[in-house]
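Peer 1: Structure supplied as structure07.txt; contents: compact mmCIF, C-alpha atoms and all ligand atoms.
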# COMPACT_ATOMS: atom_id res chain seq x y z
CA MET B 1 -0.29 24.87 -88.42
CA ALA B 2 -0.04 28.22 -90.02
CA SER B 3 -2.93 29.04 -92.26
CA ALA B 4 -2.39 30.80 -95.56
CA MET B 5 -0.70 34.07 -94.88
CA LEU B 6 -2.87 37.13 -95.33
CA ASN B 7 -6.55 36.88 -95.51
CA GLY B 8 -7.09 37.63 -99.13
CA ALA B 9 -3.63 38.90 -99.78
CA GLU B 10 -3.03 36.59 -102.68
CA ASN B 11 -2.59 39.34 -105.23
CA LEU B 12 0.41 40.92 -103.60
CA THR B 13 2.95 42.01 -106.14
CA LEU B 14 6.36 40.60 -105.51
CA VAL B 15 9.23 42.51 -106.97
CA ARG B 16 12.90 41.90 -107.31
CA ALA B 17 15.35 43.79 -105.21
CA ILE B 18 15.11 46.30 -102.44
CA ALA B 19 17.35 49.17 -101.56
CA PRO B 20 19.44 48.57 -98.48
CA ASN B 21 17.85 49.79 -95.28
CA PRO B 22 19.71 52.91 -94.21
CA LYS B 23 19.54 51.79 -90.60
CA GLY B 24 21.70 48.80 -91.42
CA LEU B 25 19.08 46.09 -91.37
CA GLY B 26 20.30 44.96 -94.75
CA PHE B 27 18.04 43.11 -97.13
CA LEU B 28 15.04 41.06 -96.38
CA ARG B 29 14.11 37.64 -97.65
CA SER B 30 10.55 36.56 -98.09
CA ASP B 31 8.51 33.69 -99.35
CA ILE B 32 8.25 34.14 -103.10
CA HIS B 33 4.78 32.68 -103.21
CA GLY B 34 3.53 34.90 -100.44
CA LYS B 35 2.07 31.92 -98.60
CA ASN B 36 2.43 30.98 -94.96
CA PHE B 37 4.90 32.94 -92.87
CA ILE B 38 7.14 35.50 -94.34
CA ASN B 39 10.38 34.87 -92.59
CA LEU B 40 11.99 38.24 -92.91
CA THR B 41 15.46 37.27 -91.85
CA PRO B 42 17.85 40.16 -92.05
CA ILE B 43 20.99 39.50 -94.01
CA PRO B 44 24.00 41.56 -92.94
CA ARG B 45 24.44 44.35 -95.45
CA ALA B 46 28.10 43.74 -95.83
CA LYS B 47 27.49 40.26 -97.14
CA VAL B 48 25.16 41.20 -99.98
CA SER B 49 26.06 43.53 -102.80
CA ILE B 50 23.20 45.58 -104.25
CA ARG B 51 23.58 43.90 -107.63
CA ALA B 52 23.54 40.44 -106.08
CA ALA B 53 20.50 41.42 -104.05
CA ARG B 54 18.77 42.65 -107.20
CA ASN B 55 19.18 39.25 -108.68
CA ARG B 56 18.35 37.17 -105.68
CA THR B 57 16.23 38.99 -103.17
CA LEU B 58 12.46 38.92 -103.44
CA VAL B 59 10.43 41.15 -101.23
CA PRO B 60 6.83 42.26 -101.19
CA LYS B 61 6.35 45.56 -102.99
CA CYS B 62 4.72 47.17 -99.99
CA SER B 63 7.94 47.19 -98.03
CA ILE B 64 9.79 49.37 -100.49
CA SER B 65 7.78 52.53 -99.94
CA ALA B 66 9.64 55.72 -99.31
CA PRO B 67 11.43 55.43 -95.99
CA ARG B 68 9.11 56.30 -93.11
CA PRO B 69 10.34 59.61 -91.75
CA ALA B 70 11.59 59.26 -88.21
CA SER B 71 9.96 62.49 -87.10
CA GLN B 72 6.41 63.18 -88.17
CA PRO B 73 3.79 64.99 -86.14
CA ARG B 74 2.10 61.68 -85.09
CA PHE B 75 -0.23 63.62 -82.88
CA ILE B 76 -1.54 60.64 -80.92
CA GLN B 77 1.72 58.73 -80.39
CA HIS B 78 2.12 59.80 -76.78
CA LYS B 79 0.78 58.30 -73.61
CA LYS B 80 -1.25 61.31 -72.53
CA GLU B 81 -2.81 61.70 -75.98
CA ALA B 82 -3.51 57.96 -76.22
CA PHE B 83 -5.10 58.11 -72.77
CA TRP B 84 -7.56 60.80 -73.85
CA PHE B 85 -8.07 59.24 -77.26
CA TYR B 86 -9.26 56.04 -75.61
CA ARG B 87 -11.24 57.96 -72.99
CA PHE B 88 -13.70 58.64 -75.84
CA LEU B 89 -12.96 55.82 -78.25
CA SER B 90 -13.58 53.11 -75.65
CA ILE B 91 -17.29 54.01 -75.75
CA VAL B 92 -17.59 52.75 -79.34
CA TYR B 93 -14.36 50.79 -79.79
CA ASP B 94 -15.73 47.23 -80.00
CA HIS B 95 -18.63 48.21 -82.27
CA VAL B 96 -17.11 50.80 -84.59
CA ILE B 97 -13.33 50.33 -84.75
CA ASN B 98 -12.81 46.58 -84.61
CA PRO B 99 -15.27 45.53 -87.34
CA GLY B 100 -13.38 47.61 -89.91
CA HIS B 101 -9.84 46.73 -88.94
CA TRP B 102 -9.64 43.78 -86.59
CA THR B 103 -12.09 40.98 -87.16
CA GLU B 104 -12.32 37.70 -85.27
CA ASP B 105 -10.89 35.85 -88.31
CA MET B 106 -7.92 38.19 -88.43
CA ARG B 107 -7.38 37.88 -84.68
CA ASP B 108 -7.30 34.08 -84.80
CA ASP B 109 -4.96 34.16 -87.79
CA ALA B 110 -2.66 36.65 -86.07
CA LEU B 111 -2.54 34.68 -82.82
CA GLU B 112 -1.68 31.41 -84.54
CA PRO B 113 2.11 32.03 -84.53
CA ALA B 114 1.93 32.74 -80.77
CA GLU B 115 1.53 28.97 -80.31
CA LEU B 116 -1.03 29.10 -77.55
CA ASN B 117 -0.93 25.33 -77.43
CA ASN B 118 -1.39 24.58 -73.76
CA ARG B 119 -4.16 25.74 -71.41
CA SER B 120 -1.73 26.24 -68.54
CA LEU B 121 0.51 28.74 -70.34
CA THR B 122 0.85 32.09 -68.59
CA VAL B 123 0.07 34.98 -70.95
CA VAL B 124 0.22 38.75 -70.69
CA ASP B 125 -1.84 40.82 -73.13
CA VAL B 126 -0.22 44.27 -73.22
CA GLY B 127 -2.41 47.15 -74.38
CA GLY B 128 -5.22 44.62 -73.99
CA GLY B 129 -7.86 47.37 -74.01
CA THR B 130 -11.43 46.11 -74.12
CA GLY B 131 -10.19 42.51 -74.20
CA PHE B 132 -10.99 41.77 -77.85
CA THR B 133 -7.67 39.99 -78.42
CA THR B 134 -7.83 38.43 -74.95
CA LEU B 135 -11.08 36.75 -76.00
CA GLY B 136 -9.03 35.02 -78.69
CA ILE B 137 -6.34 34.06 -76.15
CA VAL B 138 -8.74 32.51 -73.63
CA LYS B 139 -10.00 30.12 -76.30
CA HIS B 140 -6.65 28.34 -75.88
CA VAL B 141 -5.43 29.26 -72.39
CA ASP B 142 -7.22 29.25 -69.02
CA ALA B 143 -8.42 32.76 -68.22
CA LYS B 144 -6.92 32.60 -64.73
CA ASN B 145 -3.45 32.41 -66.33
CA VAL B 146 -3.99 35.52 -68.41
CA THR B 147 -3.09 39.07 -67.38
CA ILE B 148 -4.49 42.08 -69.27
CA LEU B 149 -2.50 45.30 -68.95
CA ASP B 150 -3.50 48.67 -70.37
CA GLN B 151 -2.91 52.30 -69.52
CA SER B 152 -6.55 53.19 -70.10
CA PRO B 153 -8.95 52.50 -67.21
CA HIS B 154 -11.81 53.21 -69.61
CA GLN B 155 -10.77 50.46 -72.00
CA LEU B 156 -10.15 48.05 -69.11
CA ALA B 157 -13.62 48.76 -67.70
CA LYS B 158 -15.02 47.26 -70.93
CA ALA B 159 -12.81 44.19 -70.57
CA ARG B 160 -14.06 43.68 -67.00
CA GLN B 161 -17.62 43.38 -68.29
CA LYS B 162 -16.82 40.41 -70.53
CA GLU B 163 -17.87 37.11 -69.02
CA PRO B 164 -15.06 34.93 -70.51
CA LEU B 165 -12.50 37.36 -69.05
CA LYS B 166 -13.88 37.34 -65.50
CA GLU B 167 -10.96 35.29 -64.16
CA CYS B 168 -8.22 37.27 -65.93
CA LYS B 169 -6.01 39.59 -63.89
CA ILE B 170 -6.61 43.13 -65.07
CA ILE B 171 -3.93 45.72 -64.40
CA GLU B 172 -3.39 49.37 -65.29
CA GLY B 173 0.16 49.93 -66.50
CA ASP B 174 2.56 51.10 -69.15
CA ALA B 175 3.77 48.87 -71.99
CA GLU B 176 7.16 50.57 -71.82
CA ASP B 177 7.60 49.87 -68.12
CA LEU B 178 5.87 46.60 -67.30
CA PRO B 179 5.17 46.02 -63.60
CA PHE B 180 6.41 42.40 -63.64
CA PRO B 181 9.76 40.84 -62.76
CA ALA B 182 11.95 39.33 -65.48
CA ASP B 183 11.10 35.80 -66.65
CA THR B 184 7.41 35.84 -65.63
CA PHE B 185 5.30 34.76 -68.63
CA ASP B 186 5.30 32.00 -71.25
CA ARG B 187 3.70 34.27 -73.82
CA TYR B 188 3.59 38.01 -74.43
CA VAL B 189 0.83 39.26 -76.72
CA SER B 190 0.21 42.85 -77.76
CA ALA B 191 -2.29 43.79 -80.47
CA GLY B 192 -2.79 47.24 -81.90
CA SER B 193 -0.97 49.09 -79.15
CA ILE B 194 2.58 49.70 -80.41
CA GLU B 195 1.33 52.57 -82.58
CA TYR B 196 0.81 54.65 -79.43
CA TRP B 197 4.14 53.88 -77.80
CA PRO B 198 6.51 56.85 -77.96
CA ASP B 199 9.46 54.42 -77.82
CA PRO B 200 8.51 51.12 -79.50
CA GLN B 201 11.98 49.62 -79.03
CA ARG B 202 11.54 50.01 -75.28
CA GLY B 203 8.17 48.24 -75.31
CA ILE B 204 9.62 45.30 -77.26
CA THR B 205 12.61 45.16 -74.93
CA GLU B 206 10.15 44.96 -72.04
CA ALA B 207 8.40 42.08 -73.83
CA TYR B 208 11.72 40.25 -73.88
CA ARG B 209 12.40 40.93 -70.20
CA VAL B 210 9.08 39.63 -68.85
CA LEU B 211 9.15 36.42 -70.90
CA ARG B 212 10.58 33.19 -69.55
CA LEU B 213 13.41 31.38 -71.30
CA GLY B 214 11.91 29.88 -74.48
CA GLY B 215 8.85 32.12 -74.16
CA LYS B 216 7.34 33.73 -77.23
CA ALA B 217 6.31 37.30 -77.96
CA CYS B 218 3.57 37.98 -80.51
CA LEU B 219 3.15 41.61 -81.45
CA ILE B 220 0.38 42.58 -83.82
CA GLY B 221 0.47 46.04 -85.30
CA PRO B 222 0.00 48.43 -88.22
CA VAL B 223 2.01 48.61 -91.41
CA TYR B 224 3.05 51.76 -93.18
CA PRO B 225 1.10 52.78 -96.32
CA THR B 226 2.61 53.36 -99.74
CA PHE B 227 -0.24 55.48 -101.18
CA TRP B 228 0.56 59.19 -100.68
CA LEU B 229 -2.73 60.31 -99.12
CA SER B 230 -2.83 57.40 -96.71
CA ARG B 231 0.79 58.08 -95.82
CA PHE B 232 -0.08 61.67 -95.03
CA PHE B 233 -2.88 60.73 -92.62
CA ALA B 234 -0.88 57.87 -91.11
CA ASP B 235 1.99 60.22 -90.34
CA VAL B 236 -0.33 62.77 -88.78
CA TRP B 237 -2.11 60.22 -86.63
CA MET B 238 0.27 57.73 -85.03
CA LEU B 239 3.13 55.29 -85.61
CA PHE B 240 2.75 52.98 -88.62
CA PRO B 241 5.99 50.98 -88.60
CA LYS B 242 7.46 49.38 -91.68
CA GLU B 243 7.76 45.61 -91.67
CA GLU B 244 11.55 45.71 -91.47
CA GLU B 245 11.39 48.02 -88.47
CA TYR B 246 9.49 45.39 -86.49
CA ILE B 247 12.14 42.81 -87.32
CA GLU B 248 14.90 45.19 -86.36
CA TRP B 249 13.30 46.06 -83.01
CA PHE B 250 12.77 42.39 -82.16
CA GLU B 251 16.30 41.41 -83.07
CA LYS B 252 17.83 44.33 -81.20
CA ALA B 253 15.86 43.35 -78.10
CA GLY B 254 17.51 39.91 -78.31
CA PHE B 255 14.73 37.77 -79.80
CA LYS B 256 15.61 34.80 -81.99
CA ASN B 257 13.64 33.12 -84.75
CA VAL B 258 11.88 36.39 -85.58
CA GLN B 259 9.04 35.91 -88.05
CA LEU B 260 6.48 38.19 -89.59
CA LYS B 261 3.08 37.07 -90.80
CA ARG B 262 0.94 39.42 -92.85
CA ILE B 263 -2.69 39.85 -91.95
CA GLY B 264 -5.52 42.05 -93.20
CA PRO B 265 -9.30 42.21 -93.58
CA LYS B 266 -10.59 39.72 -96.19
CA TRP B 267 -12.34 42.40 -98.23
CA TYR B 268 -9.05 44.24 -98.85
CA ARG B 269 -8.08 41.30 -101.14
CA GLY B 270 -4.49 41.74 -99.98
CA VAL B 271 -4.26 45.46 -100.74
CA ARG B 272 -1.70 47.07 -98.45
CA ARG B 273 -1.11 50.43 -100.12
CA HIS B 274 -3.32 52.26 -97.62
CA GLY B 275 -1.45 50.70 -94.75
CA LEU B 276 -3.28 48.59 -92.22
CA ILE B 277 -4.10 49.25 -88.60
CA MET B 278 -3.61 45.53 -87.98
CA GLY B 279 -1.24 44.49 -90.75
CA CYS B 280 1.19 41.98 -89.33
CA SER B 281 1.87 39.58 -86.50
CA VAL B 282 5.52 39.48 -85.48
CA THR B 283 6.86 36.73 -83.25
CA GLY B 284 10.18 36.03 -81.58
CA VAL B 285 11.54 33.57 -79.03
CA LYS B 286 13.54 34.50 -75.92
CA PRO B 287 16.77 32.50 -76.08
CA TYR B 288 18.24 33.29 -72.63
CA SER B 289 16.66 34.11 -69.30
CA GLY B 290 16.92 37.53 -67.66
CA GLU B 291 17.02 41.06 -69.01
CA SER B 292 17.32 42.01 -72.67
CA PRO B 293 20.90 42.44 -73.90
CA LEU B 294 19.78 45.87 -75.11
CA GLN B 295 20.29 48.50 -72.45
CA LEU B 296 18.23 51.65 -72.92
CA GLY B 297 18.50 55.04 -71.24
CA PRO B 298 15.66 56.85 -69.49
CA LYS B 299 12.14 56.80 -70.98
CA ALA B 300 11.48 59.25 -73.82
CA GLU B 301 8.23 60.61 -72.46
CA ASP B 302 7.86 62.04 -68.99
CA VAL B 303 4.12 61.79 -68.37
CA SER B 304 4.36 63.80 -65.19
CA LYS B 305 5.72 66.82 -67.10
CA PRO B 306 3.08 69.53 -67.48
CA VAL B 307 1.89 70.21 -71.04
CA ASN B 308 0.48 73.35 -72.56
CA PRO B 309 -3.28 72.58 -72.68
CA LEU B 310 -3.77 74.50 -75.92
CA VAL B 311 -0.96 72.68 -77.71
CA PHE B 312 -2.25 69.40 -76.31
CA LEU B 313 -5.81 70.08 -77.48
CA SER B 314 -4.70 71.12 -80.97
CA ARG B 315 -2.54 68.00 -81.34
CA PHE B 316 -5.36 65.86 -80.06
CA ILE B 317 -7.96 67.30 -82.44
CA LEU B 318 -5.64 67.07 -85.48
CA GLY B 319 -4.69 63.49 -84.57
CA ALA B 320 -8.33 62.49 -84.10
CA MET B 321 -9.20 64.04 -87.48
CA ALA B 322 -6.48 62.03 -89.18
CA ALA B 323 -7.80 58.90 -87.46
CA THR B 324 -11.18 59.54 -89.08
CA TYR B 325 -9.59 58.92 -92.48
CA TYR B 326 -8.80 55.41 -91.30
CA VAL B 327 -12.40 54.85 -90.28
CA LEU B 328 -13.35 55.60 -93.90
CA VAL B 329 -10.67 53.49 -95.63
CA PRO B 330 -12.13 50.08 -94.70
CA ILE B 331 -15.58 51.25 -95.80
CA TYR B 332 -14.12 52.39 -99.15
CA MET B 333 -12.32 49.06 -99.55
CA TRP B 334 -15.47 47.16 -98.64
CA LEU B 335 -17.44 49.04 -101.31
CA LYS B 336 -14.73 48.28 -103.87
CA ASP B 337 -14.81 44.64 -102.89
CA GLN B 338 -18.57 44.61 -103.48
CA ILE B 339 -18.30 46.33 -106.87
CA VAL B 340 -15.18 44.83 -108.50
CA PRO B 341 -15.74 41.28 -109.77
CA LYS B 342 -14.11 38.59 -107.64
CA GLY B 343 -10.66 37.54 -108.75
CA GLN B 344 -9.76 41.00 -110.06
CA PRO B 345 -7.43 43.36 -108.24
CA ILE B 346 -9.04 46.29 -106.43
C1 LIG I 1 -6.24 49.73 -80.59
S1 LIG I 1 -6.41 49.40 -78.88
C2 LIG I 1 -6.13 47.65 -78.89
C3 LIG I 1 -6.88 46.96 -77.81
C4 LIG I 1 -6.83 45.44 -77.85
N1 LIG I 1 -5.49 44.94 -77.79
C5 LIG I 1 -7.55 44.88 -79.06
O1 LIG I 1 -6.98 44.00 -79.70
O2 LIG I 1 -8.65 45.29 -79.37
C6 LIG I 1 -4.88 50.03 -78.24
C7 LIG I 1 -4.77 49.95 -76.73
O3 LIG I 1 -3.41 50.25 -76.35
C8 LIG I 1 -3.48 50.97 -75.14
N2 LIG I 1 -2.21 51.68 -74.94
C9 LIG I 1 -1.72 52.71 -75.65
N3 LIG I 1 -0.52 53.06 -75.16
C10 LIG I 1 -0.25 52.24 -74.13
C11 LIG I 1 0.84 52.10 -73.22
N4 LIG I 1 1.91 52.89 -73.30
N5 LIG I 1 0.76 51.15 -72.27
C12 LIG I 1 -0.32 50.35 -72.17
N6 LIG I 1 -1.37 50.43 -73.00
C13 LIG I 1 -1.34 51.35 -73.97
C14 LIG I 1 -4.67 51.87 -75.32
O4 LIG I 1 -5.15 52.37 -74.09
C15 LIG I 1 -5.65 50.95 -76.01
O5 LIG I 1 -6.49 50.28 -75.13
In structure tokens, what does this structure look like?
Ligand SMILES: C[S@@+](CC[C@H](N)C(=O)[O-])C[C@H]1O[C@@H](n2cnc3c(N)ncnc32)[C@H](O)[C@@H]1O
Peer 2:
Amino acid sequence: MASAMLNGAENLTLVRAIAPNPKGLGFLRSDIHGKNFINLTPIPRAKVSIRAARNRTLVPKCSISAPRPASQPRFIQHKKEAFWFYRFLSIVYDHVINPGHWTEDMRDDALEPAELNNRSLTVVDVGGGTGFTTLGIVKHVDAKNVTILDQSPHQLAKARQKEPLKECKIIEGDAEDLPFPADTFDRYVSAGSIEYWPDPQRGITEAYRVLRLGGKACLIGPVYPTFWLSRFFADVWMLFPKEEEYIEWFEKAGFKNVQLKRIGPKWYRGVRRHGLIMGCSVTGVKPYSGESPLQLGPKAEDVSKPVNPLVFLSRFILGAMAATYYVLVPIYMWLKDQIVPKGQPI
């Protein structure tokens, strides 16, 4: 059963009305009480007038930030940059990055909608990295049925060292071009990886393809900030999608019963204005076997194309500097949580 939505997100402000999404997603419905799953079901724009929506539609305040610009520098949202980013980050990843953004509590909460309810399910963990999320998966599913895929050999080397993951299959590969035939897995899980995919729609379409009929995808990822400074650093660093973008990508890929559950570190007390590196868990069910109904052209990024080393290095350094801001945010929020009396907003 779903636990309360959001660890400590009780003080979310719910507001009336939302402007229509310019991409045509329409308006979004959500649970007025902010408990359990937010079922962000898109309502066709044509069917809802703005005035009617003002009166009837309730959405969390955080999803009405200024539209996320489609083109921002996002210096680390490319495969080559992500590769080098994790070349260094993998050394400290489990000890420095996860405790601030992706705790065991959050992981278990985020995996709940994946319905890992049978030990013989076959699961692929895409962008599985050091295996932190996979450790949550193998609590429910036999490790021999679990495949970890990541483009970073350095991250995967850490996963290989973990005893509970010894029987998992560990594969180097690209989330946007999965090396599996259609209809292979019962579950697709990906946590904290979409932000590095140059073409997130393609990765989600791949999730659809590799799932079996009735299989479920569970994608855990960041959410876009509303606070200006956080927005600046988010845009410089990598992709922070908006909640409605996730829904749109899932639905376009062909998923049904698309749901979004908010997550966040407990000590944030539900604050989402700075964005979250792990801010939501989005699930969808594959209704038909075979390929996704969405046909995409060639991949956006050609990794074999040579890059100017100077441009690459500058992008990399700027991106890494922006990422540092997000190492500090959870510390700042933790200090606030310690100082501000319990029950008060921070
Ligand atoms: C923030 S880590 C998340 C690791 C793990 N899922 C966890 O929960 O701790 C992001 C991972 O995505 C991987 N990644 C980034 N782009 C990828 C791509 N295109 N294909 C496969 N993996 C990718 C990175 O190498 C990195 O290991």
Peer 1: As number ranges by chain, please: the residues near region 237-241 of chain B (cut-off 10 Å, all atoms listed in the file, same-chain neighbours under 5 positions excluded).
Peer 2: B: 68, 70, 72-78, 82, 193-198, 200, 221-225, 231-232, 246, 275-279, 315-316, 318-326
Peer 1: Using only C-alpha atoms, find all polymer residues with an atom at most 12 Å away from the point (-14.6, 40.5, -69.4); report them as a PyMOL selection string.
Peer 2: chain B and resi 128-135+138+143-144+146-148+155-170
Peer 1: Just give me the gap between CA of Tyr208 (chain B) and CA of Asp108 (chain B) in Å, one decimal is fine.
Peer 2: 22.8 Å
Peer 1: Could you tell me which of B:Ser314, B:Ser289, B:Ser152, B:Thr226 comes closest to Ala182 (chain B) if we count all atoms listed in the file?
Peer 2: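 Ranked by minimum distance to Ala182 (chain B), first place goes to B:Ser289.
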Peer 1: Rank nothing, just name the residue among B:Leu149, B:Val327, B:Val282, B:Ala114 nearest to ligand LIG 1 (chain I), using only C-alpha atoms and all ligand atoms.
Peer 2: B:Leu149
Peer 1: Here is a test: counting only C-alpha atoms, which residue of B:Gly270, B:Leu111, B:Ile247, B:Val258 is nearest to Gly343 (chain B)?
Peer 2: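 For Gly343 (chain B), the nearest of the candidates is B:Gly270.
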Peer 1: So the first atom is CA of Asp105 (chain B) and the second is CA of Trp267 (chain B); what is the distance between them in Å, to one decimal place?
Peer 2: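 These atoms are spaced 12.0 Å apart.
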Peer 1: Using the file's own x, y and z axes, what box holds all listed atoms of ligand LIG 1 (chain I) with 5 Å on each side, keeping edges along x, y and z, and what are its centre and edge lengths in Å to one decimal, as lines of an AutoDock Vina configuration file?
Peer 2:
center_x = -3.4
center_y = 48.5
center_z = -76.4
size_x = 20.6
size_y = 19.1
size_z = 18.4
Peer 1: Find, counting all atoms listed in the file, the residue in B:Glu81, B:Glu244, B:Asp177, B:Asp186 that gets nearest to Leu116 (chain B).
Peer 2: B:Asp186
Peer 1: From the list B:Asp199, B:Asp142, B:Glu251, B:Asp183, which residue is nearest Glu291 (chain B) when using all atoms listed in the file?
Peer 2: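 Among the listed residues, B:Asp183 lies closest to Glu291 (chain B).
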